[in-house]
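These notes concern the structure reproduced below.
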Amino acid sequence: MKGWMGKFKVLSLLGLVALFLAACGKENLTALDPKGVGAQKSLDLIIIPTVIMSFVFLVVMVLLVLALIKFRKKKGQKDFIPKQVEGNKTLEVVWTTIPIILLIIIAVPTVIYTFDLADDADASDHLNINVTGNQYWWHFDYEGLEIQTSQDVYIPVNSKVYFNMKSSDVIHSFWVPTLSGKLDVNPENENTFFLDAHEEGVYWGKCAEFCGPSHSLMDFKVVVVSQEEFEQWVADMQNFDPETAEPATDAAAQGRELFNENNCLGCHAIGSSAAAIGPNLTNFGERSRLAGIEEMTKEKLVEWIVNPELIKPGNKMTGKYPEVSQDDAALIAEYLLQLSPSEITTEDAGNGIEQ
Ligand code: CUA
């Protein structure tokens, strides 16, 4: 009976783990279903040692059980000491050589892949995106394209894209598990790595370095689109002029007035200017998530404008502007949600995220 209970516990634990992994998979937040070069190599490096270590574990366990059975004290054997084998050359050579070979099998791909993934010698031939990590959001500056954006970063499929990363405050870590491993984002130096996605979709990214009260909410998305869609997106973003773009509705126009009156532009740029105290809002209406985490609905956005502290504790927007009424916030939300210069939406990109 007891054995059954134990088995049941193990099975339910495994079930929970499987459920957890499946849930992660749905949101493209798993390292076990790679959709990029870095993630594929990382998974290979997980599998190789796991297989080897499982093999070693099995062999050691079998030998241990055999030894226990074969050399146990039998009835009538008083003070019996089995044959001693210390200093046996053959045995010493065998159990020294086998681990060396196994370690070499693990070390060779590990070293090769590590150097491969850190190699940025060809960075100037590819798209470069300068990333700034901020408490608790991400800024993306497309080198040479005059495109600034935040939170959702668009890249073309099957193409190496280099990310040059720096932090404006504390240490963060850039991690899109389905596309690649993680890399520290430091205030003092720039770290570079690449993403090379081989399937279109929206991939969930996380900050993987504890950076303050809203660290766990410092999420972002990598939107992988086809080469043509990417070119379209670049053109749309470049052609968007916040000065001349007419708001879609009267409410949105009123919202724009309030946006300017409340000095929102003091921190948030719309268009390609580099002001980066707060997230760039050029394509805010196209983002898959609000503040990186919440569902993108008008109600949530109003809540966020009225009291951002409720959604992201410790964020730098709190207290930086005059109090905004619910009605005013609703108009500002109207304005922000219609900011969508691009024809490419995240749905078009095969969005795996349930909105
Ligand atoms: Cu940024 Cu954790």
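Labeling convention for the structure tokens: chains A, B, ... as they appear, residues from 1 per chain, ligands from 1 in order of appearance.
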
Residues within 9 Å of ligand 1 should be enumerated using only C-alpha atoms and all ligand atoms and returned as a PyMOL selection string. chain A and resi 133-138+170-174+185+206-219

Next, dump the selected residues to file, keeping only N, CA, C and O atoms, as a short mmCIF file (atom, residue, chain, number, x, y, z; two decimals), in the first residue's frame.
```cif
data_model
loop_
_atom_site.label_atom_id
_atom_site.label_comp_id
_atom_site.auth_asym_id
_atom_site.auth_seq_id
_atom_site.Cartn_x
_atom_site.Cartn_y
_atom_site.Cartn_z
N GLY A 133 18.26 48.15 -21.28
CA GLY A 133 17.42 47.60 -20.22
C GLY A 133 17.16 48.70 -19.19
O GLY A 133 18.07 49.45 -18.83
N ASN A 134 15.92 48.86 -18.80
CA ASN A 134 15.54 49.87 -17.81
C ASN A 134 14.63 49.20 -16.79
O ASN A 134 13.90 48.27 -17.13
N GLN A 135 14.63 49.72 -15.55
CA GLN A 135 13.68 49.20 -14.58
C GLN A 135 12.28 49.63 -15.03
O GLN A 135 11.99 50.82 -15.00
N TYR A 136 11.43 48.93 -15.52
CA TYR A 136 11.24 47.53 -15.81
C TYR A 136 10.72 47.41 -17.23
O TYR A 136 9.63 46.92 -17.46
N TRP A 137 11.48 47.91 -18.18
CA TRP A 137 11.04 47.84 -19.58
C TRP A 137 12.28 47.85 -20.48
O TRP A 137 13.39 48.13 -20.04
N TRP A 138 12.05 47.55 -21.77
CA TRP A 138 13.16 47.41 -22.72
C TRP A 138 13.02 48.40 -23.87
O TRP A 138 11.93 48.58 -24.42
N VAL A 170 20.40 49.28 -13.33
CA VAL A 170 21.01 48.14 -12.64
C VAL A 170 21.23 46.99 -13.63
O VAL A 170 20.91 47.13 -14.82
N ILE A 171 21.76 45.88 -13.17
CA ILE A 171 22.00 44.75 -14.08
C ILE A 171 20.67 44.03 -14.38
O ILE A 171 19.92 43.70 -13.48
N HIS A 172 20.39 43.85 -15.67
CA HIS A 172 19.25 43.05 -16.11
C HIS A 172 19.81 41.87 -16.89
O HIS A 172 21.02 41.76 -17.09
N SER A 173 18.93 41.00 -17.37
CA SER A 173 19.38 39.90 -18.21
C SER A 173 18.32 39.64 -19.28
O SER A 173 17.14 39.53 -18.98
N PHE A 174 18.78 39.57 -20.53
CA PHE A 174 17.90 39.46 -21.70
C PHE A 174 17.72 37.98 -22.03
O PHE A 174 18.70 37.30 -22.34
N VAL A 185 22.77 42.19 -19.03
CA VAL A 185 22.70 43.56 -19.56
C VAL A 185 23.22 44.47 -18.46
O VAL A 185 22.55 44.67 -17.45
N LYS A 206 11.96 37.43 -21.04
CA LYS A 206 11.93 37.77 -19.62
C LYS A 206 13.24 38.42 -19.22
O LYS A 206 14.28 38.14 -19.81
N CYS A 207 13.19 39.26 -18.18
CA CYS A 207 14.43 39.69 -17.55
C CYS A 207 14.80 38.58 -16.59
O CYS A 207 13.97 38.11 -15.81
N ALA A 208 16.06 38.11 -16.67
CA ALA A 208 16.45 36.94 -15.89
C ALA A 208 17.47 37.30 -14.81
O ALA A 208 18.27 36.47 -14.39
N GLU A 209 17.47 38.56 -14.37
CA GLU A 209 18.39 38.97 -13.31
C GLU A 209 17.59 39.83 -12.34
O GLU A 209 16.95 40.80 -12.76
N PHE A 210 17.61 39.47 -11.07
CA PHE A 210 16.80 40.22 -10.11
C PHE A 210 17.19 41.69 -10.12
O PHE A 210 18.35 42.03 -9.93
N CYS A 211 16.21 42.58 -10.40
CA CYS A 211 16.55 43.98 -10.61
C CYS A 211 15.64 44.94 -9.86
O CYS A 211 15.68 46.14 -10.07
N GLY A 212 14.81 44.45 -8.96
CA GLY A 212 13.94 45.33 -8.19
C GLY A 212 12.56 44.72 -8.03
O GLY A 212 12.31 43.61 -8.49
N PRO A 213 11.65 45.48 -7.37
CA PRO A 213 10.34 44.90 -7.04
C PRO A 213 9.54 44.39 -8.24
O PRO A 213 8.74 43.47 -8.09
N SER A 214 9.72 44.97 -9.42
CA SER A 214 8.94 44.50 -10.57
C SER A 214 9.77 43.66 -11.54
O SER A 214 9.43 43.52 -12.71
N HIS A 215 10.87 43.11 -11.04
CA HIS A 215 11.74 42.26 -11.88
C HIS A 215 10.94 41.18 -12.63
O HIS A 215 11.10 40.99 -13.83
N SER A 216 10.06 40.51 -11.91
CA SER A 216 9.34 39.39 -12.53
C SER A 216 8.33 39.87 -13.57
O SER A 216 7.77 39.07 -14.31
N LEU A 217 8.10 41.20 -13.63
CA LEU A 217 7.13 41.73 -14.59
C LEU A 217 7.84 42.39 -15.78
O LEU A 217 7.20 43.02 -16.63
N MET A 218 9.17 42.27 -15.84
CA MET A 218 9.93 42.96 -16.88
C MET A 218 9.97 42.11 -18.15
O MET A 218 11.01 41.68 -18.62
N ASP A 219 8.77 41.87 -18.70
CA ASP A 219 8.65 40.99 -19.87
C ASP A 219 8.68 41.79 -21.16
O ASP A 219 8.39 42.98 -21.18
#
```

Can you tell me, as an MDAnalysis selection string, what residues are no more than 12 Å from Ile98 (chain A) when counting only C-alpha atoms, ignoring any on the same chain fewer than 6 positions away? chainID A and resid 52 56 59 91:92 104:105

Shell around Met296 (chain A) at 9 Å using only C-alpha atoms, local window under 3 positions removed, as a list in words: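 Non-adjacent residues within range: Gly285, Arg287, Ser288, Arg289, Leu290, Ala291, Ile293, Glu299, Lys300, Leu301, Leu337 and Gln355 of chain A.
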
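Minimum atom-to-atom distances from A:Leu183, A:Ile147, A:Met165, A:Val60 to Ala118 (chain A) were compared using only C-alpha atoms, and the lowest value belongs to A:Leu183.
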
Atomic separation - CA of Glu199 (chain A) relative to CA of Asp119 (chain A), Å: 22.3 Å

Would you kindly return, as a compact mmCIF listing (two decimals) with all heavy atoms, in the first residue's frame, each protein, DNA or RNA residue with an atom no farther than 12 Å from any atom of region 242-258 of chain A, considering only C-alpha atoms and excluding same-chain residues fewer than 5 positions away?
```
# COMPACT_ATOMS: atom_id res chain seq x y z
N MET A 237 7.08 52.09 -40.14
CA MET A 237 7.59 52.80 -38.96
C MET A 237 8.31 54.08 -39.38
O MET A 237 8.19 55.12 -38.74
CB MET A 237 8.55 51.90 -38.16
CG MET A 237 7.88 50.78 -37.40
SD MET A 237 6.78 51.32 -36.08
CE MET A 237 7.96 51.66 -34.75
N ASN A 263 2.10 66.55 -20.09
CA ASN A 263 3.55 66.44 -20.24
C ASN A 263 4.04 65.00 -20.40
O ASN A 263 5.16 64.68 -20.01
CB ASN A 263 4.23 67.09 -19.02
CG ASN A 263 5.55 67.71 -19.42
OD1 ASN A 263 5.81 67.91 -20.62
ND2 ASN A 263 6.39 68.01 -18.46
N CYS A 264 3.21 64.14 -20.99
CA CYS A 264 3.62 62.75 -21.19
C CYS A 264 4.84 62.69 -22.12
O CYS A 264 5.71 61.82 -21.97
CB CYS A 264 2.47 61.94 -21.80
SG CYS A 264 0.97 62.01 -20.85
N LEU A 265 4.89 63.66 -23.05
CA LEU A 265 6.00 63.66 -24.03
C LEU A 265 7.35 63.97 -23.36
O LEU A 265 8.40 63.79 -23.96
CB LEU A 265 5.73 64.66 -25.15
CG LEU A 265 4.77 64.16 -26.24
CD1 LEU A 265 4.33 65.32 -27.13
CD2 LEU A 265 5.43 63.07 -27.08
N ALA A 269 8.66 59.29 -26.04
CA ALA A 269 8.73 59.77 -27.42
C ALA A 269 7.70 59.01 -28.26
O ALA A 269 7.39 57.85 -28.00
CB ALA A 269 10.12 59.55 -27.98
N ILE A 270 7.16 59.71 -29.26
CA ILE A 270 6.36 59.04 -30.28
C ILE A 270 7.04 59.40 -31.59
O ILE A 270 7.22 60.57 -31.89
CB ILE A 270 4.89 59.52 -30.27
CG1 ILE A 270 4.25 59.14 -28.93
CG2 ILE A 270 4.11 58.90 -31.43
CD1 ILE A 270 2.82 59.59 -28.77
N GLY A 271 7.45 58.43 -32.37
CA GLY A 271 8.26 58.69 -33.55
C GLY A 271 9.69 58.28 -33.29
O GLY A 271 9.97 57.54 -32.34
N SER A 272 10.62 58.75 -34.12
CA SER A 272 11.97 58.21 -34.05
C SER A 272 12.92 59.01 -33.16
O SER A 272 14.10 58.73 -33.13
CB SER A 272 12.55 58.11 -35.46
OG SER A 272 12.64 59.41 -36.00
N SER A 273 12.40 60.02 -32.43
CA SER A 273 13.34 60.77 -31.57
C SER A 273 13.78 59.87 -30.42
O SER A 273 13.06 58.96 -30.01
CB SER A 273 12.70 62.06 -31.06
OG SER A 273 11.84 61.77 -30.00
N LEU A 281 6.43 55.20 -27.63
CA LEU A 281 5.04 54.76 -27.82
C LEU A 281 4.58 54.73 -29.28
O LEU A 281 3.39 54.60 -29.56
CB LEU A 281 4.10 55.67 -27.01
CG LEU A 281 4.37 55.73 -25.50
CD1 LEU A 281 3.44 56.73 -24.82
CD2 LEU A 281 4.20 54.36 -24.86
N THR A 282 5.53 54.86 -30.22
CA THR A 282 5.17 54.97 -31.64
C THR A 282 4.13 53.94 -32.08
O THR A 282 3.14 54.27 -32.71
CB THR A 282 6.43 54.80 -32.52
OG1 THR A 282 7.41 55.70 -32.04
CG2 THR A 282 6.12 55.08 -33.99
N ASN A 283 4.36 52.67 -31.75
CA ASN A 283 3.42 51.63 -32.18
C ASN A 283 2.73 50.98 -30.99
O ASN A 283 2.49 49.77 -30.97
CB ASN A 283 4.13 50.59 -33.06
CG ASN A 283 5.28 49.92 -32.34
OD1 ASN A 283 5.69 50.36 -31.26
ND2 ASN A 283 5.80 48.85 -32.91
N GLY A 285 -0.27 50.87 -30.01
CA GLY A 285 -1.51 50.15 -30.30
C GLY A 285 -1.29 48.76 -30.87
O GLY A 285 -2.22 47.95 -30.95
N VAL A 302 -6.48 52.27 -18.84
CA VAL A 302 -6.96 53.36 -17.99
C VAL A 302 -6.44 53.15 -16.57
O VAL A 302 -5.91 54.06 -15.93
CB VAL A 302 -8.51 53.42 -18.02
CG1 VAL A 302 -9.03 54.37 -16.94
CG2 VAL A 302 -9.00 53.85 -19.39
N TYR A 321 3.65 62.73 -13.11
CA TYR A 321 2.73 63.59 -13.84
C TYR A 321 1.54 63.92 -12.95
O TYR A 321 1.29 63.20 -11.98
CB TYR A 321 2.29 62.92 -15.15
CG TYR A 321 1.74 61.53 -14.98
CD1 TYR A 321 0.38 61.33 -14.79
CD2 TYR A 321 2.59 60.43 -14.97
CE1 TYR A 321 -0.13 60.04 -14.61
CE2 TYR A 321 2.09 59.15 -14.78
CZ TYR A 321 0.74 58.96 -14.60
OH TYR A 321 0.24 57.69 -14.41
N PRO A 322 0.82 65.01 -13.29
CA PRO A 322 -0.31 65.37 -12.44
C PRO A 322 -1.35 64.26 -12.41
O PRO A 322 -1.41 63.44 -13.32
CB PRO A 322 -0.89 66.62 -13.13
CG PRO A 322 -0.09 66.88 -14.34
CD PRO A 322 1.00 65.88 -14.45
N GLU A 323 -2.16 64.24 -11.35
CA GLU A 323 -3.20 63.21 -11.24
C GLU A 323 -4.14 63.27 -12.45
O GLU A 323 -4.51 64.35 -12.89
CB GLU A 323 -4.00 63.43 -9.97
CG GLU A 323 -4.25 62.15 -9.20
CD GLU A 323 -4.74 62.43 -7.80
OE1 GLU A 323 -5.96 62.58 -7.65
OE2 GLU A 323 -3.90 62.53 -6.87
N VAL A 324 -4.48 62.11 -12.98
CA VAL A 324 -5.34 62.06 -14.15
C VAL A 324 -6.67 61.42 -13.75
O VAL A 324 -6.68 60.37 -13.10
CB VAL A 324 -4.68 61.20 -15.26
CG1 VAL A 324 -5.54 61.19 -16.52
CG2 VAL A 324 -3.29 61.73 -15.58
N SER A 325 -7.79 62.06 -14.13
CA SER A 325 -9.10 61.50 -13.80
C SER A 325 -9.38 60.29 -14.69
O SER A 325 -8.75 60.12 -15.74
CB SER A 325 -10.19 62.54 -14.02
OG SER A 325 -10.36 62.77 -15.41
N ASP A 327 -11.93 59.80 -16.60
CA ASP A 327 -12.41 60.24 -17.92
C ASP A 327 -11.26 60.68 -18.82
O ASP A 327 -11.20 60.31 -19.99
CB ASP A 327 -13.42 61.39 -17.76
CG ASP A 327 -14.71 60.91 -17.09
OD1 ASP A 327 -14.90 59.68 -17.04
OD2 ASP A 327 -15.47 61.76 -16.61
N ASP A 328 -10.34 61.46 -18.23
CA ASP A 328 -9.18 61.90 -19.01
C ASP A 328 -8.32 60.70 -19.43
O ASP A 328 -7.86 60.60 -20.57
CB ASP A 328 -8.33 62.88 -18.20
CG ASP A 328 -8.98 64.27 -18.15
OD1 ASP A 328 -10.09 64.42 -18.73
OD2 ASP A 328 -8.40 65.16 -17.53
N ALA A 329 -8.14 59.78 -18.48
CA ALA A 329 -7.34 58.59 -18.77
C ALA A 329 -7.97 57.79 -19.92
O ALA A 329 -7.27 57.25 -20.78
CB ALA A 329 -7.18 57.72 -17.53
N ALA A 330 -9.31 57.75 -19.95
CA ALA A 330 -10.00 57.01 -21.01
C ALA A 330 -9.72 57.66 -22.37
O ALA A 330 -9.54 56.95 -23.37
CB ALA A 330 -11.49 56.96 -20.73
N LEU A 331 -9.68 58.99 -22.41
CA LEU A 331 -9.40 59.67 -23.67
C LEU A 331 -7.94 59.45 -24.10
O LEU A 331 -7.65 59.19 -25.28
CB LEU A 331 -9.69 61.17 -23.54
CG LEU A 331 -11.18 61.53 -23.36
CD1 LEU A 331 -11.35 62.98 -22.96
CD2 LEU A 331 -11.96 61.23 -24.66
N ILE A 332 -7.03 59.53 -23.13
CA ILE A 332 -5.60 59.28 -23.44
C ILE A 332 -5.44 57.84 -23.95
O ILE A 332 -4.72 57.59 -24.93
CB ILE A 332 -4.71 59.52 -22.20
CG1 ILE A 332 -4.76 61.01 -21.80
CG2 ILE A 332 -3.27 59.11 -22.47
CD1 ILE A 332 -4.04 61.35 -20.51
N ALA A 333 -6.16 56.92 -23.32
CA ALA A 333 -6.10 55.51 -23.75
C ALA A 333 -6.58 55.37 -25.19
O ALA A 333 -5.98 54.66 -26.00
CB ALA A 333 -6.94 54.64 -22.82
N GLU A 334 -7.65 56.07 -25.51
CA GLU A 334 -8.20 56.10 -26.87
C GLU A 334 -7.10 56.51 -27.87
O GLU A 334 -6.93 55.88 -28.91
CB GLU A 334 -9.27 57.17 -26.85
CG GLU A 334 -10.68 57.02 -27.44
CD GLU A 334 -11.25 55.69 -27.70
OE1 GLU A 334 -11.02 55.20 -28.80
OE2 GLU A 334 -11.98 55.15 -26.85
N TYR A 335 -6.37 57.55 -27.50
CA TYR A 335 -5.30 58.06 -28.37
C TYR A 335 -4.17 57.03 -28.52
O TYR A 335 -3.75 56.71 -29.63
CB TYR A 335 -4.75 59.37 -27.79
CG TYR A 335 -3.49 59.87 -28.46
CD1 TYR A 335 -3.46 60.09 -29.84
CD2 TYR A 335 -2.32 60.09 -27.72
CE1 TYR A 335 -2.29 60.53 -30.47
CE2 TYR A 335 -1.16 60.53 -28.35
CZ TYR A 335 -1.15 60.74 -29.71
OH TYR A 335 0.00 61.16 -30.32
N LEU A 336 -3.74 56.47 -27.39
CA LEU A 336 -2.59 55.54 -27.42
C LEU A 336 -2.92 54.27 -28.20
O LEU A 336 -2.09 53.76 -28.96
CB LEU A 336 -2.16 55.18 -25.99
CG LEU A 336 -1.59 56.34 -25.17
CD1 LEU A 336 -1.25 55.87 -23.76
CD2 LEU A 336 -0.33 56.91 -25.84
N LEU A 337 -4.15 53.77 -28.03
CA LEU A 337 -4.51 52.49 -28.65
C LEU A 337 -4.60 52.58 -30.18
O LEU A 337 -4.51 51.57 -30.86
CB LEU A 337 -5.82 51.95 -28.06
CG LEU A 337 -5.68 51.42 -26.63
CD1 LEU A 337 -7.04 51.16 -26.01
CD2 LEU A 337 -4.83 50.16 -26.59
N GLN A 338 -4.79 53.82 -30.70
CA GLN A 338 -4.87 53.91 -32.16
C GLN A 338 -3.49 54.23 -32.78
O GLN A 338 -3.39 54.44 -34.00
CB GLN A 338 -5.96 54.90 -32.58
CG GLN A 338 -5.85 56.30 -31.98
CD GLN A 338 -5.01 57.25 -32.80
OE1 GLN A 338 -5.27 57.46 -33.97
NE2 GLN A 338 -3.97 57.81 -32.19
N LEU A 339 -2.45 54.25 -31.94
CA LEU A 339 -1.10 54.45 -32.48
C LEU A 339 -0.61 53.13 -33.08
O LEU A 339 -0.06 52.29 -32.37
CB LEU A 339 -0.14 54.90 -31.37
CG LEU A 339 -0.29 56.34 -30.86
CD1 LEU A 339 0.62 56.55 -29.65
CD2 LEU A 339 0.05 57.35 -31.95
N SER A 340 -0.86 52.95 -34.38
CA SER A 340 -0.41 51.70 -35.00
C SER A 340 -0.03 51.95 -36.45
O SER A 340 -0.83 51.73 -37.36
CB SER A 340 -1.48 50.62 -34.87
OG SER A 340 -2.69 51.07 -35.42
N PRO A 341 1.19 52.43 -36.65
CA PRO A 341 1.64 52.79 -37.99
C PRO A 341 1.78 51.60 -38.93
O PRO A 341 1.74 51.75 -40.14
CB PRO A 341 3.00 53.44 -37.75
CG PRO A 341 3.40 53.06 -36.38
CD PRO A 341 2.18 52.73 -35.62
```

Atomic separation - CA of Phe193 (chain A) relative to CA of His268 (chain A), Å: 27.4 Å

Between A:Ile305, A:Val176, A:Ala107, A:Val234, which one has atoms that come closest to Ala39 (chain A), using only C-alpha atoms?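 When distances to Ala39 (chain A) are compared using only C-alpha atoms, the smallest one comes from A:Val176.
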
Which residues, written as a PyMOL selection string, have at least one atom at most 12 Å from Ile106 (chain A), with only C-alpha atoms counted and residues fewer than 5 positions away on the same chain left out? chain A and resi 44-53+99-101+111-113

Among listed residues A:Leu195, A:Val108, A:Val224, A:Val93, nearest Val153 (chain A) (using only C-alpha atoms): A:Val224

From a backbone DSSP assignment, name each residue in region 194-327 of chain A labelled strand (DSSP E or B), as a list in words.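 Those in region 194-327 of chain A that DSSP calls strand (DSSP E or B) are Phe194, Leu195, Ala197, Gly201, Val202, Tyr203, Trp204, Gly205, Lys206, Cys207, Phe220, Lys221, Val222, Val223, Val224, Val225, His268, Ala276, Arg289, Leu290, Glu294 and Glu295 of chain A.
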
Give the answer as one residue: which of A:Lys298, A:Met61, A:Phe140, A:Lys35 has the shortest atom-to-atom distance to Ala197 (chain A), using only C-alpha atoms?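 Looking at the shortest contact to Ala197 (chain A), the residue is A:Lys35.
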
Write down as a short mmCIF file (atom, residue, chain, number, x, y, z; two decimals) with N, CA and C atoms, in the first residue's frame the residues belonging to region 66-202 of chain A that are assigned helix (DSSP H, G or I) by DSSP computed on the backbone.
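Full text of result.cif as output:
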```cif
data_model
loop_
_atom_site.label_atom_id
_atom_site.label_comp_id
_atom_site.auth_asym_id
_atom_site.auth_seq_id
_atom_site.Cartn_x
_atom_site.Cartn_y
_atom_site.Cartn_z
N LEU A 66 24.90 -5.47 -7.99
CA LEU A 66 25.60 -6.75 -8.20
C LEU A 66 26.58 -7.01 -7.07
N ALA A 67 27.34 -5.97 -6.72
CA ALA A 67 28.36 -6.12 -5.66
C ALA A 67 27.68 -6.45 -4.33
N LEU A 68 26.56 -5.77 -4.08
CA LEU A 68 25.85 -6.01 -2.81
C LEU A 68 25.38 -7.47 -2.72
N ILE A 69 24.89 -7.97 -3.86
CA ILE A 69 24.37 -9.34 -3.84
C ILE A 69 25.50 -10.36 -3.79
N LYS A 70 26.48 -10.16 -4.66
CA LYS A 70 27.53 -11.17 -4.81
C LYS A 70 28.44 -11.26 -3.58
N LYS A 89 46.03 -2.50 -11.78
CA LYS A 89 46.32 -1.57 -12.87
C LYS A 89 45.18 -1.49 -13.87
N THR A 90 44.67 -2.65 -14.29
CA THR A 90 43.60 -2.67 -15.30
C THR A 90 42.40 -1.87 -14.82
N LEU A 91 41.96 -2.16 -13.58
CA LEU A 91 40.80 -1.46 -13.04
C LEU A 91 41.04 0.05 -12.97
N GLU A 92 42.23 0.44 -12.45
CA GLU A 92 42.54 1.87 -12.31
C GLU A 92 42.49 2.56 -13.67
N VAL A 93 43.06 1.91 -14.68
CA VAL A 93 43.09 2.51 -16.02
C VAL A 93 41.67 2.65 -16.56
N VAL A 94 40.87 1.58 -16.40
CA VAL A 94 39.50 1.60 -16.93
C VAL A 94 38.70 2.72 -16.29
N TRP A 95 38.70 2.80 -14.94
CA TRP A 95 37.82 3.82 -14.33
C TRP A 95 38.41 5.21 -14.31
N THR A 96 39.61 5.38 -14.82
CA THR A 96 40.12 6.73 -15.04
C THR A 96 39.86 7.16 -16.49
N THR A 97 40.03 6.20 -17.40
CA THR A 97 39.89 6.53 -18.83
C THR A 97 38.44 6.81 -19.22
N ILE A 98 37.53 5.98 -18.74
CA ILE A 98 36.13 6.15 -19.15
C ILE A 98 35.60 7.55 -18.79
N PRO A 99 35.76 8.03 -17.53
CA PRO A 99 35.28 9.40 -17.24
C PRO A 99 35.96 10.46 -18.10
N ILE A 100 37.26 10.27 -18.40
CA ILE A 100 37.95 11.27 -19.24
C ILE A 100 37.29 11.32 -20.62
N ILE A 101 37.02 10.14 -21.18
CA ILE A 101 36.38 10.11 -22.51
C ILE A 101 35.00 10.77 -22.45
N LEU A 102 34.22 10.43 -21.41
CA LEU A 102 32.88 11.01 -21.28
C LEU A 102 32.95 12.53 -21.14
N LEU A 103 33.91 13.02 -20.35
CA LEU A 103 34.03 14.48 -20.17
C LEU A 103 34.44 15.16 -21.48
N ILE A 104 35.27 14.46 -22.27
CA ILE A 104 35.66 15.04 -23.57
C ILE A 104 34.42 15.14 -24.48
N ILE A 105 33.58 14.08 -24.45
CA ILE A 105 32.36 14.09 -25.28
C ILE A 105 31.46 15.27 -24.88
N ILE A 106 31.43 15.60 -23.58
CA ILE A 106 30.61 16.73 -23.14
C ILE A 106 31.32 18.06 -23.46
N ALA A 107 32.63 18.09 -23.24
CA ALA A 107 33.36 19.37 -23.33
C ALA A 107 33.46 19.89 -24.77
N VAL A 108 33.69 18.98 -25.73
CA VAL A 108 33.93 19.45 -27.10
C VAL A 108 32.76 20.27 -27.66
N PRO A 109 31.51 19.72 -27.69
CA PRO A 109 30.42 20.55 -28.19
C PRO A 109 30.15 21.78 -27.32
N THR A 110 30.35 21.65 -26.00
CA THR A 110 30.09 22.79 -25.11
C THR A 110 30.99 23.97 -25.49
N VAL A 111 32.29 23.67 -25.66
CA VAL A 111 33.24 24.75 -25.99
C VAL A 111 32.94 25.31 -27.38
N ILE A 112 32.71 24.41 -28.37
CA ILE A 112 32.44 24.87 -29.74
C ILE A 112 31.19 25.76 -29.76
N TYR A 113 30.09 25.29 -29.17
CA TYR A 113 28.84 26.04 -29.20
C TYR A 113 28.97 27.37 -28.45
N THR A 114 29.70 27.34 -27.32
CA THR A 114 29.85 28.57 -26.54
C THR A 114 30.54 29.63 -27.37
N PHE A 115 31.60 29.24 -28.08
CA PHE A 115 32.31 30.21 -28.92
C PHE A 115 31.46 30.64 -30.12
N ASP A 116 30.74 29.66 -30.72
CA ASP A 116 29.83 29.97 -31.84
C ASP A 116 28.84 31.05 -31.46
N LEU A 117 28.20 30.84 -30.30
CA LEU A 117 27.11 31.73 -29.90
C LEU A 117 27.61 33.09 -29.43
N ALA A 118 28.89 33.16 -29.05
CA ALA A 118 29.43 34.44 -28.58
C ALA A 118 30.14 35.19 -29.70
N ALA A 123 28.99 40.81 -37.17
CA ALA A 123 27.86 41.64 -36.73
C ALA A 123 27.56 42.79 -37.70
N SER A 124 28.60 43.36 -38.30
CA SER A 124 28.37 44.54 -39.15
C SER A 124 27.66 44.19 -40.46
N ASP A 125 27.63 42.88 -40.82
CA ASP A 125 26.91 42.47 -42.04
C ASP A 125 25.43 42.25 -41.78
#
```
